[in-house]
$ cat work29.cif   # mmCIF, C-alpha atoms and all ligand atoms
data_run
loop_
_atom_site.label_atom_id
_atom_site.label_comp_id
_atom_site.auth_asym_id
_atom_site.auth_seq_id
_atom_site.Cartn_x
_atom_site.Cartn_y
_atom_site.Cartn_z
CA MET A 1 -3.91 -21.45 -16.24
CA GLN A 2 -1.89 -24.42 -17.33
CA LEU A 3 -2.07 -27.00 -14.56
CA GLU A 4 -0.51 -30.08 -16.02
CA PHE A 5 3.21 -29.98 -15.55
CA PHE A 6 3.02 -33.51 -14.20
CA SER A 7 3.42 -36.00 -17.05
CA HIS A 8 4.42 -39.53 -15.93
CA LEU A 9 5.65 -41.80 -13.23
CA ARG A 10 9.27 -42.94 -13.55
CA CYS A 11 11.30 -45.72 -11.93
CA ARG A 12 13.98 -44.26 -9.67
CA GLU A 13 16.31 -47.11 -10.58
CA CYS A 14 16.05 -47.75 -14.33
CA GLY A 15 14.23 -44.61 -15.46
CA ARG A 16 11.44 -46.47 -17.28
CA LEU A 17 8.32 -44.31 -17.71
CA TYR A 18 4.87 -45.37 -16.57
CA PRO A 19 1.41 -43.83 -17.01
CA LYS A 20 -0.12 -41.86 -14.12
CA GLU A 21 -1.92 -44.79 -12.52
CA ALA A 22 -2.30 -46.35 -9.08
CA ILE A 23 1.02 -48.17 -9.24
CA HIS A 24 4.13 -47.71 -7.14
CA VAL A 25 6.86 -50.18 -8.20
CA CYS A 26 8.65 -50.81 -11.46
CA GLU A 27 7.73 -54.18 -12.94
CA TRP A 28 11.32 -54.68 -14.21
CA ASP A 29 13.44 -54.05 -11.15
CA PHE A 30 10.91 -53.27 -8.37
CA GLY A 31 12.35 -49.76 -8.02
CA PRO A 32 9.98 -47.15 -6.55
CA LEU A 33 8.07 -44.94 -8.99
CA GLU A 34 8.24 -41.19 -8.72
CA ALA A 35 6.30 -38.31 -10.31
CA VAL A 36 7.90 -36.63 -13.35
CA TYR A 37 7.36 -32.95 -14.20
CA ASP A 38 8.30 -30.63 -17.01
CA TYR A 39 10.60 -28.37 -14.99
CA GLU A 40 11.44 -26.17 -17.95
CA ALA A 41 7.73 -25.37 -18.39
CA ILE A 42 7.36 -24.77 -14.64
CA ARG A 43 10.36 -22.43 -14.67
CA ARG A 44 8.80 -20.36 -17.43
CA HIS A 45 5.40 -20.32 -15.74
CA ILE A 46 6.23 -19.71 -12.08
CA SER A 47 7.68 -16.81 -10.11
CA ARG A 48 8.06 -15.72 -6.50
CA ASP A 49 5.43 -13.01 -7.05
CA ARG A 50 3.00 -15.47 -8.49
CA ILE A 51 3.41 -17.83 -5.53
CA GLU A 52 3.17 -14.99 -2.99
CA SER A 53 -0.10 -13.79 -4.52
CA ARG A 54 -1.80 -17.08 -3.72
CA PRO A 55 -3.64 -18.18 -0.54
CA PRO A 56 -1.40 -19.29 2.36
CA THR A 57 -1.74 -23.06 1.93
CA MET A 58 0.50 -25.81 0.57
CA TRP A 59 -1.33 -25.46 -2.76
CA ARG A 60 0.55 -22.27 -3.60
CA TYR A 61 3.18 -24.72 -4.94
CA ARG A 62 0.56 -26.47 -7.03
CA GLU A 63 2.79 -26.76 -10.11
CA PHE A 64 5.09 -29.16 -8.23
CA LEU A 65 2.31 -31.54 -7.16
CA PRO A 66 1.08 -34.63 -9.06
CA LEU A 67 -2.57 -33.84 -9.79
CA GLU A 68 -4.37 -33.45 -13.10
CA GLY A 69 -6.98 -30.94 -11.97
CA GLU A 70 -7.60 -28.69 -8.96
CA PRO A 71 -7.20 -30.26 -5.49
CA SER A 72 -10.50 -31.36 -3.94
CA VAL A 73 -9.37 -32.60 -0.52
CA GLY A 74 -7.31 -30.74 2.09
CA THR A 75 -7.52 -27.40 0.30
CA GLN A 76 -6.65 -25.56 3.56
CA VAL A 77 -3.59 -27.63 4.50
CA GLY A 78 -0.11 -26.21 5.05
CA PHE A 79 1.69 -22.88 5.25
CA THR A 80 2.35 -23.50 8.93
CA PRO A 81 4.54 -21.01 10.84
CA LEU A 82 8.32 -20.91 10.57
CA VAL A 83 9.34 -19.62 13.98
CA ARG A 84 12.65 -17.97 14.77
CA ALA A 85 13.68 -19.59 18.06
CA ASP A 86 16.42 -17.48 19.69
CA ARG A 87 16.05 -18.95 23.16
CA LEU A 88 16.34 -22.46 21.77
CA ALA A 89 19.37 -21.39 19.72
CA LYS A 90 21.01 -20.13 22.90
CA ALA A 91 20.27 -23.37 24.75
CA LEU A 92 21.71 -25.39 21.87
CA GLY A 93 24.69 -23.07 21.47
CA VAL A 94 24.16 -22.12 17.82
CA ARG A 95 23.73 -18.81 16.05
CA GLU A 96 20.29 -19.23 14.54
CA VAL A 97 17.48 -21.79 14.82
CA TYR A 98 14.13 -21.84 13.07
CA VAL A 99 11.31 -24.23 13.91
CA LYS A 100 9.02 -25.32 11.09
CA ASN A 101 5.93 -25.85 13.18
CA ASP A 102 3.70 -28.55 11.70
CA THR A 103 2.21 -29.23 15.15
CA VAL A 104 -0.46 -26.75 14.05
CA ASN A 105 -1.06 -28.16 10.59
CA TYR A 106 -4.71 -28.33 9.54
CA PRO A 107 -6.78 -30.35 10.25
CA THR A 108 -5.00 -33.07 12.29
CA LEU A 109 -1.93 -31.39 13.81
CA SER A 110 0.82 -33.21 11.95
CA PHE A 111 2.75 -32.96 8.70
CA LYS A 112 0.77 -35.95 7.39
CA ASP A 113 -2.07 -33.62 6.34
CA ARG A 114 0.23 -32.58 3.47
CA VAL A 115 0.67 -36.06 2.00
CA VAL A 116 -2.99 -36.91 2.57
CA ALA A 117 -4.22 -33.75 0.82
CA VAL A 118 -2.34 -34.80 -2.31
CA SER A 119 -3.11 -38.53 -2.22
CA LEU A 120 -6.84 -38.19 -1.46
CA SER A 121 -7.24 -35.52 -4.15
CA ARG A 122 -5.54 -37.91 -6.55
CA ALA A 123 -7.65 -40.87 -5.32
CA ARG A 124 -10.79 -38.89 -6.19
CA GLU A 125 -9.41 -37.97 -9.62
CA MET A 126 -8.92 -41.69 -10.22
CA GLY A 127 -12.40 -42.54 -8.99
CA PHE A 128 -11.57 -44.72 -5.99
CA PRO A 129 -14.63 -45.39 -3.82
CA VAL A 130 -12.62 -46.23 -0.65
CA VAL A 131 -9.39 -44.81 0.76
CA ALA A 132 -7.10 -46.54 3.23
CA CYS A 133 -3.64 -46.52 4.79
CA ALA A 134 -1.08 -48.40 6.88
CA SER A 135 -0.15 -46.01 9.64
CA THR A 136 1.95 -45.42 12.76
CA GLY A 137 -0.81 -43.06 13.94
CA ASN A 138 -0.67 -39.62 12.37
CA LEU A 139 -1.40 -40.84 8.86
CA ALA A 140 -4.47 -42.68 10.19
CA ASN A 141 -5.70 -39.48 11.86
CA SER A 142 -5.24 -37.49 8.69
CA VAL A 143 -6.78 -40.02 6.29
CA ALA A 144 -9.77 -40.42 8.62
CA ALA A 145 -10.36 -36.67 8.99
CA ASN A 146 -9.76 -35.64 5.39
CA ALA A 147 -11.86 -38.54 4.06
CA ALA A 148 -14.70 -37.52 6.39
CA SER A 149 -14.47 -33.92 5.18
CA VAL A 150 -15.49 -34.98 1.66
CA GLY A 151 -17.61 -38.04 2.50
CA LEU A 152 -15.12 -40.69 1.38
CA GLU A 153 -15.25 -44.07 3.06
CA SER A 154 -11.98 -44.90 4.85
CA TYR A 155 -10.20 -47.83 6.44
CA VAL A 156 -7.13 -47.20 8.55
CA LEU A 157 -4.83 -49.99 9.73
CA ILE A 158 -2.54 -49.39 12.70
CA PRO A 159 -0.41 -51.39 15.16
CA ALA A 160 -2.82 -52.32 17.97
CA ASP A 161 -0.63 -50.75 20.69
CA LEU A 162 -0.67 -47.10 19.56
CA GLU A 163 -1.14 -44.08 21.84
CA ALA A 164 -4.75 -43.62 23.05
CA SER A 165 -5.06 -40.14 21.50
CA LYS A 166 -3.99 -41.37 18.09
CA VAL A 167 -6.54 -44.21 18.14
CA LEU A 168 -9.27 -41.87 19.33
CA GLY A 169 -8.17 -39.29 16.76
CA SER A 170 -9.05 -41.72 13.98
CA LEU A 171 -12.22 -43.24 15.47
CA VAL A 172 -13.92 -39.89 16.03
CA TYR A 173 -14.25 -39.22 12.29
CA GLY A 174 -16.21 -42.43 11.69
CA SER A 175 -13.32 -44.17 9.94
CA ARG A 176 -13.07 -47.95 10.18
CA VAL A 177 -10.06 -48.40 12.45
CA ILE A 178 -8.35 -51.78 12.48
CA GLY A 179 -5.65 -52.58 15.04
CA ILE A 180 -3.17 -55.23 13.96
CA ARG A 181 -1.28 -57.31 16.50
CA GLY A 182 2.37 -56.71 15.66
CA PRO A 183 4.72 -53.92 14.59
CA TYR A 184 4.12 -51.49 11.72
CA ASP A 185 5.95 -53.65 9.17
CA LYS A 186 3.31 -56.35 9.55
CA VAL A 187 0.56 -53.76 9.13
CA ASN A 188 2.22 -52.52 5.96
CA ARG A 189 2.65 -55.99 4.52
CA LEU A 190 -1.01 -56.81 5.16
CA CYS A 191 -2.03 -53.57 3.44
CA SER A 192 -0.06 -54.55 0.33
CA GLU A 193 -2.01 -57.81 0.24
CA ILE A 194 -5.33 -56.03 0.71
CA ALA A 195 -4.45 -53.49 -2.00
CA GLY A 196 -3.84 -56.40 -4.38
CA LYS A 197 -7.30 -57.76 -3.73
CA TYR A 198 -9.59 -54.77 -3.14
CA ARG A 199 -9.87 -51.77 -5.44
CA TRP A 200 -9.00 -49.29 -2.71
CA ALA A 201 -6.67 -46.33 -2.70
CA PHE A 202 -4.02 -47.12 -0.09
CA VAL A 203 -2.40 -43.71 0.12
CA ASN A 204 1.03 -45.01 1.14
CA VAL A 205 0.97 -48.26 -0.85
CA ASN A 206 -0.51 -48.13 -4.37
CA LEU A 207 -0.78 -44.31 -4.29
CA ARG A 208 2.64 -43.79 -2.70
CA PRO A 209 4.17 -41.86 -5.65
CA TYR A 210 1.43 -39.21 -5.22
CA TYR A 211 1.39 -39.30 -1.42
CA ALA A 212 5.14 -38.82 -1.08
CA GLU A 213 5.23 -35.67 -3.22
CA GLY A 214 3.04 -33.86 -0.68
CA SER A 215 5.99 -33.78 1.73
CA LYS A 216 7.85 -31.42 -0.59
CA THR A 217 5.57 -28.58 0.42
CA MET A 218 7.19 -28.46 3.87
CA GLY A 219 10.49 -27.64 2.13
CA PHE A 220 9.00 -25.09 -0.29
CA GLU A 221 7.44 -23.26 2.65
CA ILE A 222 10.69 -23.23 4.64
CA VAL A 223 12.52 -21.61 1.72
CA GLU A 224 9.82 -19.00 1.05
CA GLN A 225 9.46 -18.20 4.76
CA LEU A 226 13.22 -17.71 5.10
CA GLY A 227 12.87 -14.99 2.47
CA TRP A 228 13.56 -17.21 -0.54
CA ARG A 229 16.75 -18.61 0.93
CA LEU A 230 17.98 -22.18 1.40
CA PRO A 231 18.81 -23.10 4.99
CA ALA A 232 22.40 -24.27 5.55
CA HIS A 233 21.15 -27.15 7.74
CA THR A 234 17.79 -28.92 8.03
CA VAL A 235 17.12 -31.59 10.67
CA ILE A 236 14.33 -34.00 9.73
CA PRO A 237 12.78 -36.95 11.61
CA MET A 238 12.80 -40.25 9.72
CA ALA A 239 10.28 -43.09 9.76
CA SER A 240 10.24 -44.51 6.21
CA GLY A 241 12.71 -41.76 5.23
CA SER A 242 10.29 -40.27 2.71
CA LEU A 243 9.89 -36.80 4.26
CA LEU A 244 13.68 -36.37 4.35
CA THR A 245 14.21 -37.29 0.71
CA LYS A 246 11.31 -35.08 -0.38
CA ILE A 247 12.48 -31.99 1.48
CA ALA A 248 15.83 -32.36 -0.28
CA LYS A 249 13.95 -32.76 -3.58
CA SER A 250 11.95 -29.59 -2.91
CA TYR A 251 15.17 -27.60 -2.42
CA ARG A 252 16.59 -28.97 -5.69
CA GLU A 253 13.38 -28.20 -7.56
CA MET A 254 13.46 -24.61 -6.35
CA ILE A 255 17.05 -24.27 -7.56
CA ASP A 256 16.19 -25.87 -10.92
CA THR A 257 13.23 -23.56 -11.51
CA GLU A 258 15.23 -20.49 -10.39
CA LEU A 259 13.04 -19.70 -7.41
CA VAL A 260 16.06 -19.71 -5.13
CA GLU A 261 19.78 -19.14 -5.49
CA LYS A 262 21.92 -22.23 -5.36
CA ARG A 263 23.99 -22.80 -2.23
CA PRO A 264 25.03 -25.88 -0.24
CA PHE A 265 22.33 -27.32 2.04
CA ALA A 266 23.04 -30.13 4.50
CA ILE A 267 20.20 -32.55 5.20
CA HIS A 268 20.37 -34.31 8.60
CA GLY A 269 18.25 -37.29 9.67
CA ALA A 270 16.88 -38.05 13.16
CA GLN A 271 15.62 -41.38 14.52
CA ALA A 272 14.84 -42.95 17.89
CA SER A 273 17.58 -45.23 19.24
CA GLY A 274 14.97 -47.97 19.73
CA CYS A 275 14.24 -48.01 15.98
CA ASN A 276 17.22 -46.57 14.13
CA PRO A 277 17.78 -48.65 10.96
CA ILE A 278 18.67 -45.61 8.81
CA THR A 279 20.95 -43.93 11.35
CA ASP A 280 22.62 -47.27 12.05
CA ALA A 281 23.39 -47.84 8.36
CA PHE A 282 24.67 -44.28 8.06
CA ARG A 283 27.07 -44.84 10.97
CA LYS A 284 28.31 -48.11 9.53
CA ASP A 285 28.98 -46.37 6.25
CA THR A 286 26.78 -48.73 4.27
CA GLU A 287 23.65 -48.27 2.21
CA LEU A 288 22.36 -51.65 3.33
CA VAL A 289 19.60 -50.87 5.80
CA ARG A 290 19.24 -53.69 8.31
CA PRO A 291 15.63 -54.10 9.44
CA VAL A 292 14.75 -53.62 13.12
CA SER A 293 12.29 -56.42 13.79
CA LYS A 294 11.11 -55.29 17.23
CA PRO A 295 11.08 -51.49 17.49
CA GLN A 296 11.19 -50.28 21.07
CA THR A 297 10.70 -46.57 21.52
CA ILE A 298 8.20 -44.01 22.78
CA ALA A 299 8.49 -42.37 19.33
CA LYS A 300 5.88 -44.70 17.82
CA SER A 301 5.19 -42.43 14.86
CA LEU A 302 8.77 -43.08 13.71
CA ALA A 303 8.85 -46.80 14.53
CA ILE A 304 9.26 -48.32 11.07
CA GLY A 305 11.72 -51.20 11.21
CA THR A 306 11.97 -51.67 7.42
CA PRO A 307 12.01 -48.13 6.03
CA ALA A 308 10.86 -48.05 2.39
CA ASP A 309 13.03 -45.04 1.54
CA GLY A 310 15.92 -45.80 3.87
CA TYR A 311 18.41 -46.36 1.06
CA TYR A 312 17.50 -43.06 -0.62
CA ALA A 313 17.51 -41.21 2.71
CA ILE A 314 21.10 -42.32 3.35
CA GLN A 315 22.16 -41.26 -0.14
CA THR A 316 20.48 -37.88 0.30
CA ILE A 317 22.14 -37.28 3.68
CA ARG A 318 25.62 -38.28 2.39
CA LYS A 319 25.43 -36.34 -0.83
CA SER A 320 24.31 -33.19 0.97
CA GLY A 321 27.11 -33.36 3.54
CA GLY A 322 24.65 -34.04 6.37
CA ALA A 323 24.64 -36.68 9.10
CA ALA A 324 22.24 -38.96 10.97
CA GLU A 325 21.72 -39.28 14.72
CA ASP A 326 19.42 -41.10 17.12
CA ALA A 327 18.00 -40.36 20.56
CA SER A 328 17.05 -42.53 23.54
CA ASP A 329 13.65 -42.33 25.23
CA PRO A 330 14.87 -40.06 28.08
CA GLU A 331 16.59 -37.80 25.54
CA ILE A 332 13.34 -37.63 23.54
CA VAL A 333 11.39 -36.48 26.60
CA GLU A 334 14.14 -33.96 27.37
CA GLY A 335 13.89 -32.70 23.78
CA ILE A 336 10.13 -32.22 24.08
CA ARG A 337 10.61 -30.21 27.28
CA LEU A 338 13.44 -28.08 25.92
CA LEU A 339 11.41 -27.15 22.85
CA ALA A 340 8.32 -26.37 24.94
CA GLU A 341 10.19 -24.29 27.54
CA THR A 342 12.17 -22.24 25.01
CA THR A 343 9.63 -21.77 22.19
CA GLY A 344 6.12 -22.42 23.53
CA ILE A 345 5.71 -25.26 21.04
CA PHE A 346 4.46 -28.61 22.35
CA ALA A 347 5.65 -31.39 20.04
CA GLU A 348 4.97 -35.09 20.02
CA THR A 349 7.74 -37.64 20.53
CA ALA A 350 9.01 -37.25 16.94
CA GLY A 351 9.68 -33.56 17.74
CA GLY A 352 11.62 -34.62 20.82
CA VAL A 353 13.70 -36.89 18.57
CA THR A 354 14.44 -34.01 16.22
CA VAL A 355 15.51 -31.60 18.97
CA ALA A 356 17.60 -34.23 20.79
CA CYS A 357 19.36 -35.27 17.58
CA ALA A 358 19.98 -31.63 16.61
CA ARG A 359 21.72 -31.13 19.95
CA LYS A 360 23.97 -34.14 19.31
CA LEU A 361 24.79 -32.95 15.79
CA ILE A 362 25.76 -29.55 17.18
CA ASP A 363 27.77 -30.98 20.08
CA SER A 364 29.71 -33.24 17.71
CA GLY A 365 30.44 -30.34 15.35
CA LYS A 366 28.45 -31.78 12.44
CA ILE A 367 26.32 -28.64 12.57
CA PRO A 368 28.78 -25.74 13.06
CA LYS A 369 27.83 -23.31 15.82
CA ASP A 370 27.98 -20.27 13.55
CA GLU A 371 25.55 -21.58 10.94
CA SER A 372 21.77 -21.51 10.87
CA LEU A 373 19.47 -24.47 10.99
CA VAL A 374 15.83 -25.41 10.58
CA LEU A 375 14.20 -28.07 12.76
CA CYS A 376 11.21 -29.87 11.19
CA ILE A 377 8.72 -30.38 14.02
CA THR A 378 6.12 -32.72 12.62
CA GLY A 379 3.36 -33.50 15.15
CA HIS A 380 1.50 -32.14 18.19
CA GLY A 381 2.39 -33.10 21.78
CA LEU A 382 -1.15 -33.73 22.94
CA LYS A 383 -1.16 -36.78 20.67
CA THR A 384 1.55 -38.50 22.75
CA ALA A 385 0.91 -36.83 26.11
CA GLU A 386 1.29 -40.06 28.07
CA VAL A 387 5.08 -39.98 27.70
CA LEU A 388 5.12 -37.02 30.07
CA SER A 389 3.12 -38.64 32.84
CA GLY A 390 5.28 -38.86 35.93
CA VAL A 391 7.87 -36.58 34.32
CA LEU A 392 6.34 -33.16 34.97
CA ASP A 393 5.43 -31.75 38.39
CA SER A 394 1.78 -31.94 39.39
CA PRO A 395 -0.06 -28.68 39.88
CA ARG A 396 -0.09 -27.48 43.50
CA VAL A 397 -3.64 -27.49 44.80
CA ILE A 398 -4.86 -24.96 47.37
CA ASP A 399 -8.15 -23.70 48.79
CA PRO A 400 -9.51 -20.52 47.19
CA SER A 401 -7.85 -18.28 49.77
CA LEU A 402 -5.42 -15.41 49.28
CA ARG A 403 -3.55 -16.42 52.44
CA GLU A 404 -2.88 -19.89 51.07
CA PHE A 405 -1.79 -18.39 47.79
CA ASP A 406 0.63 -16.04 49.53
CA ARG A 407 2.10 -18.94 51.42
CA LEU A 408 2.54 -20.89 48.23
CA VAL A 409 4.19 -18.05 46.34
CA SER A 410 6.65 -17.37 49.11
CA SER A 411 7.63 -21.00 49.45
CA ASP A 412 10.95 -22.05 48.07
CA ILE A 413 9.53 -24.76 45.87
CA ASN A 414 7.70 -22.28 43.75
CA ARG A 415 10.68 -19.96 43.54
CA ALA A 416 13.06 -22.61 42.28
CA PRO A 417 14.41 -21.47 38.92
CA LEU A 418 13.60 -23.58 35.89
CA PRO A 419 16.26 -26.22 35.57
CA THR A 420 18.69 -25.49 32.75
CA ARG A 421 18.68 -28.27 30.24
CA SER A 422 21.82 -27.43 28.35
CA GLU A 423 23.87 -30.14 30.07
CA GLY A 424 22.69 -33.27 28.23
C1 LIG B 1 5.17 -39.95 9.46
C2 LIG B 1 5.91 -39.04 10.33
C3 LIG B 1 7.23 -38.61 10.08
C4 LIG B 1 8.12 -39.03 8.91
O1 LIG B 1 7.71 -40.06 8.17
P1 LIG B 1 8.46 -40.59 6.86
O2 LIG B 1 7.88 -41.95 6.69
O3 LIG B 1 9.92 -40.63 7.13
O4 LIG B 1 8.10 -39.68 5.74
C5 LIG B 1 7.79 -37.69 10.94
N1 LIG B 1 7.13 -37.24 12.01
C6 LIG B 1 5.88 -37.62 12.29
C7 LIG B 1 5.23 -37.06 13.51
C8 LIG B 1 5.22 -38.53 11.48
O5 LIG B 1 3.97 -38.90 11.78
#
$ encode --input "work29.cif" --output "structure tokens" --more "lines below"
Ligand SMILES: *Cc1c(COP(=O)(O)O)cnc(C)c1O
Amino acid sequence: MQLEFFSHLRCRECGRLYPKEAIHVCEWDFGPLEAVYDYEAIRRHISRDRIESRPPTMWRYREFLPLEGEPSVGTQVGFTPLVRADRLAKALGVREVYVKNDTVNYPTLSFKDRVVAVSLSRAREMGFPVVACASTGNLANSVAANAASVGLESYVLIPADLEASKVLGSLVYGSRVIGIRGPYDKVNRLCSEIAGKYRWAFVNVNLRPYYAEGSKTMGFEIVEQLGWRLPAHTVIPMASGSLLTKIAKSYREMIDTELVEKRPFAIHGAQASGCNPITDAFRKDTELVRPVSKPQTIAKSLAIGTPADGYYAIQTIRKSGGAAEDASDPEIVEGIRLLAETTGIFAETAGGVTVACARKLIDSGKIPKDESLVLCITGHGLKTAEVLSGVLDSPRVIDPSLREFDRLVSSDINRAPLPTRSEG
């Protein structure tokens, strides 16, 4: 089978072509580099039947990913459930809602396993002895786990104040975990310096063009799981803005290779109010993204004050007819609870952001009530469980006696109906 549809890297700004190396910015204008494919060859080669005959992983869209050979890391990642969520749709007051559930992605319960599968496979193709990343938590977990699975040495750099589960979820794999005093932007800047000095594969720095393409698989899966149909609306959480731009790219690629019929698709972005540089620029009708120097939000996985792809995210949202929203900490917690109570899916804070922002987009009419939407839920709730402490009731504790149980069941407290959360 022909595997190489991936030919070059190309500057998003000036279009200059570059060889497929560990580089990520154009030396002429500092524009970001992006993978280039021969779409005409892919169109001739691929079909829905061909894709459907393959194993249920993200690699069934192999032709659209920037590797030279077969993947060697994260071969089981992806093809997470797309769940039709009628009770959530009712609570939000819209016709149809689907949840793309990456809380159960393999192996580290977030969408980041997708980008890591691609970038570590590519790092091995290029012969890097050490892999590394700058992370807000989930990327660190995924690099650590996937590196361990193939015996690669890894360094992960994170802000020192991350959630306990995310720190633990990197340490357990034997990765070298380094906490940096300061926000993510400082971590990222330090990683750029390290990448200039050490010959390491920083998945989201010098390998970023490969890393970023992995996000497209979330979009391919959504379309296939909807029965080869583009969703009218997709709501996507934004940190650097990369996932959002790549889901839009995946939809365009499927149109261009005739895997799906063309129709309008609106791409909506979601951020936390305490770190909302992209949403803020969208509201002010500018493409100039003003950095947030001190992010303050419980949604730490999204807390990037200087988003690398912010400019492109805004362009993507505008061009698609979408919008951007943000959510406060209490709204994020409310979003987590609404999703859990109506779908049985426990999301981390980023999922709460997505649900809360979707509600605002619906209430403001930016997502019409009679159209269908997909919510991208990107990480598992047990990773950020501390945000619920003091919010949920404690379990009622009794002696092991049927009489005590009867008393409990008949008490009013236990009979109280679940609060409805439709009123903001
Ligand atoms: C990294 C991450 C995102 C989105 O990140 P981008 O930098 O915008 O691609 C969304 N949700 C979670 C849980 C994440 O960890």
$ residues_around --input "work29.cif" --residues "Ile298 in chain A" --least-positions-apart "3" --cutoff "8 Å" --atoms "all atoms listed in the file" --output "PDB file with C-alpha atoms, keeping the file's coordinate frame"
ATOM      1  CA  ASP A 329      13.650 -42.330  25.230  1.00  0.00           C
ATOM      2  CA  THR A 349       7.740 -37.640  20.530  1.00  0.00           C
ATOM      3  CA  VAL A 387       5.080 -39.980  27.700  1.00  0.00           C
TER       4      VAL A 387
END
$ residues_near_ligand --input "work29.cif" --ligand "ligand LIG 1 (chain B)" --cutoff "9 Å" --atoms "all atoms listed in the file" --output "JSON, numbers by chain"
{"A": [102, 103, 110, 111, 112, 135, 136, 137, 138, 139, 212, 215, 236, 237, 238, 239, 240, 241, 242, 243, 244, 245, 246, 299, 300, 301, 302, 304, 307, 308, 309, 310, 313, 347, 348, 349, 350, 351, 376, 377, 378, 379, 380]}
$ write_last_selection --input "work29.cif" --atoms "C-alpha atoms" --output "PDB file, in the frame of the given file"
ATOM      1  CA  ASP A 102       3.700 -28.550  11.700  1.00  0.00           C
ATOM      2  CA  THR A 103       2.210 -29.230  15.150  1.00  0.00           C
ATOM      3  CA  SER A 110       0.820 -33.210  11.950  1.00  0.00           C
ATOM      4  CA  PHE A 111       2.750 -32.960   8.700  1.00  0.00           C
ATOM      5  CA  LYS A 112       0.770 -35.950   7.390  1.00  0.00           C
ATOM      6  CA  SER A 135      -0.150 -46.010   9.640  1.00  0.00           C
ATOM      7  CA  THR A 136       1.950 -45.420  12.760  1.00  0.00           C
ATOM      8  CA  GLY A 137      -0.810 -43.060  13.940  1.00  0.00           C
ATOM      9  CA  ASN A 138      -0.670 -39.620  12.370  1.00  0.00           C
ATOM     10  CA  LEU A 139      -1.400 -40.840   8.860  1.00  0.00           C
ATOM     11  CA  ALA A 212       5.140 -38.820  -1.080  1.00  0.00           C
ATOM     12  CA  SER A 215       5.990 -33.780   1.730  1.00  0.00           C
ATOM     13  CA  ILE A 236      14.330 -34.000   9.730  1.00  0.00           C
ATOM     14  CA  PRO A 237      12.780 -36.950  11.610  1.00  0.00           C
ATOM     15  CA  MET A 238      12.800 -40.250   9.720  1.00  0.00           C
ATOM     16  CA  ALA A 239      10.280 -43.090   9.760  1.00  0.00           C
ATOM     17  CA  SER A 240      10.240 -44.510   6.210  1.00  0.00           C
ATOM     18  CA  GLY A 241      12.710 -41.760   5.230  1.00  0.00           C
ATOM     19  CA  SER A 242      10.290 -40.270   2.710  1.00  0.00           C
ATOM     20  CA  LEU A 243       9.890 -36.800   4.260  1.00  0.00           C
ATOM     21  CA  LEU A 244      13.680 -36.370   4.350  1.00  0.00           C
ATOM     22  CA  THR A 245      14.210 -37.290   0.710  1.00  0.00           C
ATOM     23  CA  LYS A 246      11.310 -35.080  -0.380  1.00  0.00           C
ATOM     24  CA  ALA A 299       8.490 -42.370  19.330  1.00  0.00           C
ATOM     25  CA  LYS A 300       5.880 -44.700  17.820  1.00  0.00           C
ATOM     26  CA  SER A 301       5.190 -42.430  14.860  1.00  0.00           C
ATOM     27  CA  LEU A 302       8.770 -43.080  13.710  1.00  0.00           C
ATOM     28  CA  ILE A 304       9.260 -48.320  11.070  1.00  0.00           C
ATOM     29  CA  PRO A 307      12.010 -48.130   6.030  1.00  0.00           C
ATOM     30  CA  ALA A 308      10.860 -48.050   2.390  1.00  0.00           C
ATOM     31  CA  ASP A 309      13.030 -45.040   1.540  1.00  0.00           C
ATOM     32  CA  GLY A 310      15.920 -45.800   3.870  1.00  0.00           C
ATOM     33  CA  ALA A 313      17.510 -41.210   2.710  1.00  0.00           C
ATOM     34  CA  ALA A 347       5.650 -31.390  20.040  1.00  0.00           C
ATOM     35  CA  GLU A 348       4.970 -35.090  20.020  1.00  0.00           C
ATOM     36  CA  THR A 349       7.740 -37.640  20.530  1.00  0.00           C
ATOM     37  CA  ALA A 350       9.010 -37.250  16.940  1.00  0.00           C
ATOM     38  CA  GLY A 351       9.680 -33.560  17.740  1.00  0.00           C
ATOM     39  CA  CYS A 376      11.210 -29.870  11.190  1.00  0.00           C
ATOM     40  CA  ILE A 377       8.720 -30.380  14.020  1.00  0.00           C
ATOM     41  CA  THR A 378       6.120 -32.720  12.620  1.00  0.00           C
ATOM     42  CA  GLY A 379       3.360 -33.500  15.150  1.00  0.00           C
ATOM     43  CA  HIS A 380       1.500 -32.140  18.190  1.00  0.00           C
TER      44      HIS A 380
END
$ closest_residue --input "work29.cif" --among "A:Tyr251, A:Trp200, A:Tyr211, A:Tyr37" --to "Leu230 in chain A" --atoms "all atoms listed in the file"
A:Tyr251
$ residues_around --input "work29.cif" --residues "range 282-295 of chain A" --least-positions-apart "6" --cutoff "8 Å" --atoms "only C-alpha atoms" --output "list in words"
Pro183, Gly274, Cys275, Asn276, Ala303, Ile304, Gly305, Thr306, Pro307, Gly310, Tyr311, Ile314, Gln315, Ala323 and Ala324 of chain A
$ write_last_selection --input "work29.cif" --atoms "C-alpha atoms" --output "short mmCIF file (atom, residue, chain, number, x, y, z; two decimals), keeping the file's coordinate frame"
data_model
loop_
_atom_site.label_atom_id
_atom_site.label_comp_id
_atom_site.auth_asym_id
_atom_site.auth_seq_id
_atom_site.Cartn_x
_atom_site.Cartn_y
_atom_site.Cartn_z
CA PRO A 183 4.72 -53.92 14.59
CA GLY A 274 14.97 -47.97 19.73
CA CYS A 275 14.24 -48.01 15.98
CA ASN A 276 17.22 -46.57 14.13
CA ALA A 303 8.85 -46.80 14.53
CA ILE A 304 9.26 -48.32 11.07
CA GLY A 305 11.72 -51.20 11.21
CA THR A 306 11.97 -51.67 7.42
CA PRO A 307 12.01 -48.13 6.03
CA GLY A 310 15.92 -45.80 3.87
CA TYR A 311 18.41 -46.36 1.06
CA ILE A 314 21.10 -42.32 3.35
CA GLN A 315 22.16 -41.26 -0.14
CA ALA A 323 24.64 -36.68 9.10
CA ALA A 324 22.24 -38.96 10.97
#
